[in-house]
Each structure stands twice: as structure tokens, then as C-alpha cells.
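Heads up, the thing below is written out as C-alpha cells.
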Amino acid sequence: MNCPAASPVIEPEWLSRPAPEVAPDLVGCTLVRQFADGNVLRGVIVETEAYAPGDPAFHAYRGRSPRNWIVFEQAGHAYVYLIYGMYHCFNVVTDRTGIPSAVLIRALQLETPPPGIDLPPAQLHRVAAGPGKLCRVLQIDLTDNAQVLQPGGRFWLEHRLPAMQELLEQQPLHLVQTTRIGLTKGVDTPWRWYLKQSPAVSKP
DNA sequence: TTGGCGATGCTG
DNA sequence: AGCATCGCCAAT
């Protein structure tokens with residue numbers, strides 16, 4: 001047996017905080033995707049954005065709707081939506097029930113090549129750089145909306161590996177905070193975080 | 001290296 | 001009408 005190291009699973013309670021607190025903490029953690037055939041693909045989260053109550057850029061800004069209802073539910077669910085008619089975006093629902101909050105996962109650093117994709121090994125770090133590309137490579141679509149994030153399911157989250165935790169504790173400037181991308185409202189709210197020097201970030 | 005634009009379909 | 005995107009192509 002030659003199992004890769006894995007950190008403890010992230011529980012819903014850990015996610016039951018405001019999105020602007022959870023989003024930076026999720027950088028460096030691992031998102032695990034289990035496909036229908038049982039195969040598992042994992043990637044380190046290298047870029048996140050927070051969306052919270054009162055935020056005009058948030059889908060839930062004008063209240064509950066058939067699309068966004070899940071972000072009002074308990075922390076630890078997936079919120080998946082279609083954007084520009086052709087891409088999907090994957091979010092982690094955070095905070096308490098009734099408080100709409102979500103963290104958009106914008107980029108992953110994959111640890112192994114994704115299934116069914118031939119690519120130059122040098123390009124591995126680009127295939128999940130961006131929220132739409134991430135969902136394409138993880139085969140995420142609207143059927144994944146409202147899934148519970150838990151081991152054995154389609155997705156779960158794992159805490160930072162010790163080396164990553166040490167890096168961010170000793171070099172906190174490696175976690176960069178800046179403004180969000182692709183918005184027309186809330187453009188000045190600094191709720192995007194990314195891992196400095198990661199080649200897999202969508203926009204360094 | 002940067003900037004503009006079209007694809008494409010759901011949302012409120 | 002607008003959109004939490006992406007990749008192509010032109011201009012620099």
C-alpha cells in the first residue's frame with residue numbers, strides 16, 4: 001500500500017463562520033472529487049473568493065431564489081451554478097443556516113492528471129486555473145448543486161498538510177488578499193485570496 | 001504582454 | 001439585459 005498523505009477532513013462546524021473568514025482559511029486545503037466510477041481526483045485550493053450578506057455581487061443579494069436557495073442552508077454543501085451559458089462555478093456554503101454565505105473555489109493545483117485528458121505534463125498546473133476550467137476538469141455540473149461535502153460523497157475537503165500550514169504560519173505574506181474578479185458590483189471589496197507563487201492561480 | 005470580443009443559455 | 005468565464009486574435 002502506498003497511500004498519499006491526507007489531512008483530517010473538514011467538518012461543517014469549521015465552515016460555519018462568515019465567508020470572509022473561511023475563504024482565506026480554505027487556501028492550502030485540499031478539495032477531493034470522487035467520480036461515479038469511484039476514481040478520486042484531488043487538488044490543493046490555491047484561490048478563493050468570499051460572498052456574504054449585504055454584498056451586491058452575491059447572487060443572494062436580493063434574497064432567496066430557485067438558483068441560490070442552497071446558500072441559505074447549513075454550511076458544508078456545494079453551491080454550483082451555470083455562468084455565461086457554458087461554464088459552471090463551484091462554491092462551498094458557509095456560515096449558519098439562514099445566513100447566505102459562500103466561498104467560490106477559483107483555482108486548484110492538481111496533484112495528478114485528471115482522467116481522460118491528455119496534456120503536456122508541464123501544463124498540469126493550468127488545467128484547473130479558473131473557476132470554469134476547474135469545473136470542467138472535475139466534471140462538475142448542476143447535478144452537483146446542493147451535494148453534502150463529506151467523505152465517500154462526490155466531494156469533500158481536507159485540512160492543510162503540515163508543510164502547507166507551516167508555510168502560511170511562518171510566511172503569512174504568501175497568502176495574498178486582494179479584490180475579486182469578473183464583477184461589476186462590489187469591485188473594491190478585497191475578498192479574494194490566493195497562494196503567492198502558485199502557478200495554478202487564475203490571475204496572480 | 002495586454003486588451004477586446006464572441007460563444008451560449010439561464011436568471012430575475 | 002446582464003452575467004462570480006474562457007480562449008482566440010490583434011495590437012503593442
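Here, A, B, ... name the chains of the C-alpha cells in the order displayed, residue numbers run from 1 inside each chain, and ligands are numbered from 1 in the same displayed order.
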- Item | Expected answer as a list of chain:residue names: chain C residues within 10 Å of chain A, only C-alpha atoms (C1' of nucleotides) | C:DG2, C:DC3, C:DA4, C:DT5, C:DC6
Export of prior selection with C-alpha atoms (C1' of nucleotides) as a PDB file, in the first residue's frame:
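Saved to out.pdb:
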```pdb
ATOM      1  C1'  DG C   2     -26.811  41.057 -17.836  1.00  0.00           C
ATOM      2  C1'  DC C   3     -23.825  37.602 -16.206  1.00  0.00           C
ATOM      3  C1'  DA C   4     -18.720  35.304  -9.887  1.00  0.00           C
ATOM      4  C1'  DT C   5     -15.757  32.863 -17.783  1.00  0.00           C
ATOM      5  C1'  DC C   6     -12.683  31.423 -21.274  1.00  0.00           C
TER       6       DC C   6
END
```
Mind listing the alpha helix (DSSP H) residues of chain A, per DSSP on the backbone, as a PyMOL selection string? chain A and resi 12-15+19-26+131-137+162-170
Pull the strand (DSSP E or B) assignments for range 53-168 of chain A out of DSSP run on the backbone, and list those residues as JSON, numbers by chain.
-> {"A": [77, 78, 79, 80, 81, 82, 83, 87, 88, 89, 90, 91, 92, 93, 102, 103, 104, 105, 106, 107, 108, 109, 110, 129, 148, 155, 156, 157, 158]}
ask   = Quick one: which residues from chain B are at most 9 Å off chain A, using only C-alpha atoms (C1' of nucleotides), as a list in words?
value = DA7, DT8, DG9, DC10, DT11 and DG12 of chain B
For all heavy atoms, I'd like the residues from the last selection saved as a compact mmCIF listing (two decimals), in the first residue's frame.
```txt
# COMPACT_ATOMS: atom_id res chain seq x y z
P DA B 7 -20.55 34.51 -31.98
OP1 DA B 7 -20.59 33.96 -33.34
OP2 DA B 7 -21.58 35.44 -31.50
O5' DA B 7 -20.45 33.29 -30.97
C5' DA B 7 -19.33 32.41 -31.05
C4' DA B 7 -19.35 31.45 -29.87
O4' DA B 7 -18.93 32.14 -28.67
C3' DA B 7 -20.74 30.88 -29.58
O3' DA B 7 -20.61 29.50 -29.30
C2' DA B 7 -21.20 31.66 -28.35
C1' DA B 7 -19.88 31.96 -27.64
N9 DA B 7 -19.88 33.17 -26.83
C8 DA B 7 -20.51 34.34 -27.10
N7 DA B 7 -20.31 35.27 -26.18
C5 DA B 7 -19.49 34.66 -25.25
C6 DA B 7 -18.92 35.10 -24.05
N6 DA B 7 -19.09 36.32 -23.55
N1 DA B 7 -18.15 34.23 -23.37
C2 DA B 7 -17.96 33.00 -23.86
N3 DA B 7 -18.45 32.48 -24.98
C4 DA B 7 -19.21 33.36 -25.64
P DT B 8 -21.79 28.51 -29.59
OP1 DT B 8 -21.21 27.16 -29.60
OP2 DT B 8 -22.56 29.01 -30.74
O5' DT B 8 -22.68 28.64 -28.29
C5' DT B 8 -22.21 28.12 -27.07
C4' DT B 8 -23.13 28.54 -25.96
O4' DT B 8 -22.88 29.91 -25.60
C3' DT B 8 -24.63 28.45 -26.33
O3' DT B 8 -25.26 27.59 -25.41
C2' DT B 8 -25.14 29.87 -26.22
C1' DT B 8 -24.12 30.50 -25.28
N1 DT B 8 -23.96 31.96 -25.40
C2 DT B 8 -23.27 32.61 -24.40
O2 DT B 8 -22.80 32.04 -23.44
N3 DT B 8 -23.17 33.97 -24.56
C4 DT B 8 -23.68 34.72 -25.60
O4 DT B 8 -23.53 35.93 -25.64
C5 DT B 8 -24.39 33.97 -26.63
C7 DT B 8 -24.95 34.67 -27.79
C6 DT B 8 -24.49 32.65 -26.46
P DG B 9 -26.68 26.96 -25.82
OP1 DG B 9 -26.51 25.51 -25.88
OP2 DG B 9 -27.25 27.71 -26.96
O5' DG B 9 -27.57 27.30 -24.54
C5' DG B 9 -27.16 26.81 -23.27
C4' DG B 9 -27.78 27.66 -22.19
O4' DG B 9 -27.20 28.98 -22.23
C3' DG B 9 -29.29 27.90 -22.34
O3' DG B 9 -29.84 28.02 -21.05
C2' DG B 9 -29.35 29.26 -22.99
C1' DG B 9 -28.25 29.92 -22.19
N9 DG B 9 -27.77 31.19 -22.70
C8 DG B 9 -27.79 31.64 -23.99
N7 DG B 9 -27.28 32.83 -24.12
C5 DG B 9 -26.90 33.19 -22.82
C6 DG B 9 -26.31 34.37 -22.33
O6 DG B 9 -25.97 35.37 -22.96
N1 DG B 9 -26.09 34.32 -20.95
C2 DG B 9 -26.42 33.24 -20.15
N2 DG B 9 -26.16 33.35 -18.86
N3 DG B 9 -26.99 32.13 -20.61
C4 DG B 9 -27.20 32.18 -21.95
P DC B 10 -31.02 27.04 -20.60
OP1 DC B 10 -30.58 25.66 -20.79
OP2 DC B 10 -32.26 27.55 -21.23
O5' DC B 10 -31.10 27.33 -19.03
C5' DC B 10 -29.90 27.22 -18.27
C4' DC B 10 -29.72 28.44 -17.39
O4' DC B 10 -29.37 29.60 -18.18
C3' DC B 10 -30.95 28.83 -16.57
O3' DC B 10 -30.52 29.08 -15.26
C2' DC B 10 -31.44 30.10 -17.25
C1' DC B 10 -30.13 30.71 -17.71
N1 DC B 10 -30.22 31.69 -18.83
C2 DC B 10 -29.71 32.98 -18.65
O2 DC B 10 -29.21 33.29 -17.57
N3 DC B 10 -29.79 33.85 -19.69
C4 DC B 10 -30.33 33.48 -20.84
N4 DC B 10 -30.37 34.38 -21.83
C5 DC B 10 -30.85 32.18 -21.04
C6 DC B 10 -30.79 31.31 -20.02
P DT B 11 -31.59 29.03 -14.04
OP1 DT B 11 -30.96 28.22 -12.98
OP2 DT B 11 -32.93 28.69 -14.56
O5' DT B 11 -31.64 30.54 -13.55
C5' DT B 11 -30.43 31.21 -13.22
C4' DT B 11 -30.70 32.70 -13.16
O4' DT B 11 -30.82 33.22 -14.50
C3' DT B 11 -31.99 33.08 -12.43
O3' DT B 11 -31.62 33.85 -11.29
C2' DT B 11 -32.78 33.90 -13.44
C1' DT B 11 -31.72 34.30 -14.46
N1 DT B 11 -32.18 34.48 -15.86
C2 DT B 11 -31.91 35.66 -16.51
O2 DT B 11 -31.31 36.59 -15.97
N3 DT B 11 -32.34 35.73 -17.80
C4 DT B 11 -33.01 34.73 -18.50
O4 DT B 11 -33.35 34.90 -19.66
C5 DT B 11 -33.27 33.52 -17.76
C7 DT B 11 -33.99 32.41 -18.43
C6 DT B 11 -32.84 33.46 -16.48
P DG B 12 -32.65 33.99 -10.08
OP1 DG B 12 -31.85 33.95 -8.84
OP2 DG B 12 -33.76 33.05 -10.29
O5' DG B 12 -33.21 35.46 -10.25
C5' DG B 12 -32.32 36.57 -10.34
C4' DG B 12 -33.10 37.82 -10.68
O4' DG B 12 -33.46 37.79 -12.08
C3' DG B 12 -34.42 37.95 -9.91
O3' DG B 12 -34.62 39.31 -9.59
C2' DG B 12 -35.46 37.45 -10.90
C1' DG B 12 -34.86 37.91 -12.22
N9 DG B 12 -35.24 37.10 -13.38
C8 DG B 12 -35.68 35.81 -13.40
N7 DG B 12 -35.93 35.36 -14.59
C5 DG B 12 -35.63 36.43 -15.43
C6 DG B 12 -35.70 36.55 -16.83
O6 DG B 12 -36.07 35.70 -17.65
N1 DG B 12 -35.31 37.82 -17.26
C2 DG B 12 -34.89 38.83 -16.43
N2 DG B 12 -34.55 39.96 -17.01
N3 DG B 12 -34.82 38.73 -15.10
C4 DG B 12 -35.20 37.51 -14.68
```
With distances taken over only C-alpha atoms, which residue among A:Phe155, A:Phe72, A:Trp14, A:Trp193 lies nearest Thr97 in chain A?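 Among the listed residues, the smallest separation from Thr97 in chain A belongs to A:Phe72.
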Can you pull out the residues contacting DC5 in chain B? Cut-off 12 Å, using only C-alpha atoms (C1' of nucleotides), and skip same-chain residues under 4 positions away; I want them as a short mmCIF file (atom, residue, chain, number, x, y, z; two decimals) with N, CA, C and O atoms (P, O5', C5', C4', C3', O3' and C1' of nucleotides), in the first residue's frame.
```cif
data_model
loop_
_atom_site.label_atom_id
_atom_site.label_comp_id
_atom_site.auth_asym_id
_atom_site.auth_seq_id
_atom_site.Cartn_x
_atom_site.Cartn_y
_atom_site.Cartn_z
P DC C 6 -12.48 30.74 -16.02
"O5'" DC C 6 -12.25 30.55 -17.58
"C5'" DC C 6 -12.99 29.56 -18.27
"C4'" DC C 6 -12.81 29.70 -19.75
"C3'" DC C 6 -11.34 29.76 -20.19
"O3'" DC C 6 -11.09 28.64 -21.01
"C1'" DC C 6 -12.68 31.42 -21.27
P DG C 7 -9.63 28.20 -21.42
"O5'" DG C 7 -9.53 28.69 -22.94
"C5'" DG C 7 -10.52 28.26 -23.86
"C4'" DG C 7 -10.39 29.05 -25.13
"C3'" DG C 7 -8.97 29.15 -25.68
"O3'" DG C 7 -9.04 29.03 -27.08
"C1'" DG C 7 -9.82 31.31 -25.36
P DC C 8 -7.72 28.80 -27.97
"O5'" DC C 8 -7.96 29.84 -29.16
"C5'" DC C 8 -9.27 30.02 -29.69
"C4'" DC C 8 -9.37 31.39 -30.31
"C3'" DC C 8 -8.13 31.80 -31.12
"O3'" DC C 8 -8.52 32.26 -32.39
"C1'" DC C 8 -8.70 33.48 -29.54
P DC C 9 -7.44 32.26 -33.61
"O5'" DC C 9 -7.33 33.80 -33.95
"C5'" DC C 9 -8.50 34.63 -33.91
"C4'" DC C 9 -8.08 36.06 -33.65
"C3'" DC C 9 -6.78 36.46 -34.35
"O3'" DC C 9 -6.97 37.67 -35.06
"C1'" DC C 9 -6.72 37.06 -32.08
P DA C 10 -5.81 38.11 -36.14
"O5'" DA C 10 -5.76 39.67 -35.85
"C5'" DA C 10 -6.93 40.34 -35.40
"C4'" DA C 10 -6.52 41.53 -34.55
"C3'" DA C 10 -5.31 42.30 -35.11
"O3'" DA C 10 -5.58 43.69 -35.09
"C1'" DA C 10 -4.91 41.65 -32.87
#
```
Atom pair CA of Trp69 in chain A + CA of Pro190 in chain A, distance 25.0 Å
Please compute the CA of Gln147 in chain A-CA of Val92 in chain A distance, one decimal, in Å.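 According to the coordinates, CA of Gln147 in chain A and CA of Val92 in chain A are separated by 10.0 Å.
Once Tyr194 in chain A and its same-chain neighbours fewer than 2 positions away are set aside, Val27, Val46, Glu47, Thr48, Leu175, Val176, Gln177, Arg192, Lys196 and Val201 of chain A remain within 7 Å of it when counting only C-alpha atoms (C1' of nucleotides).
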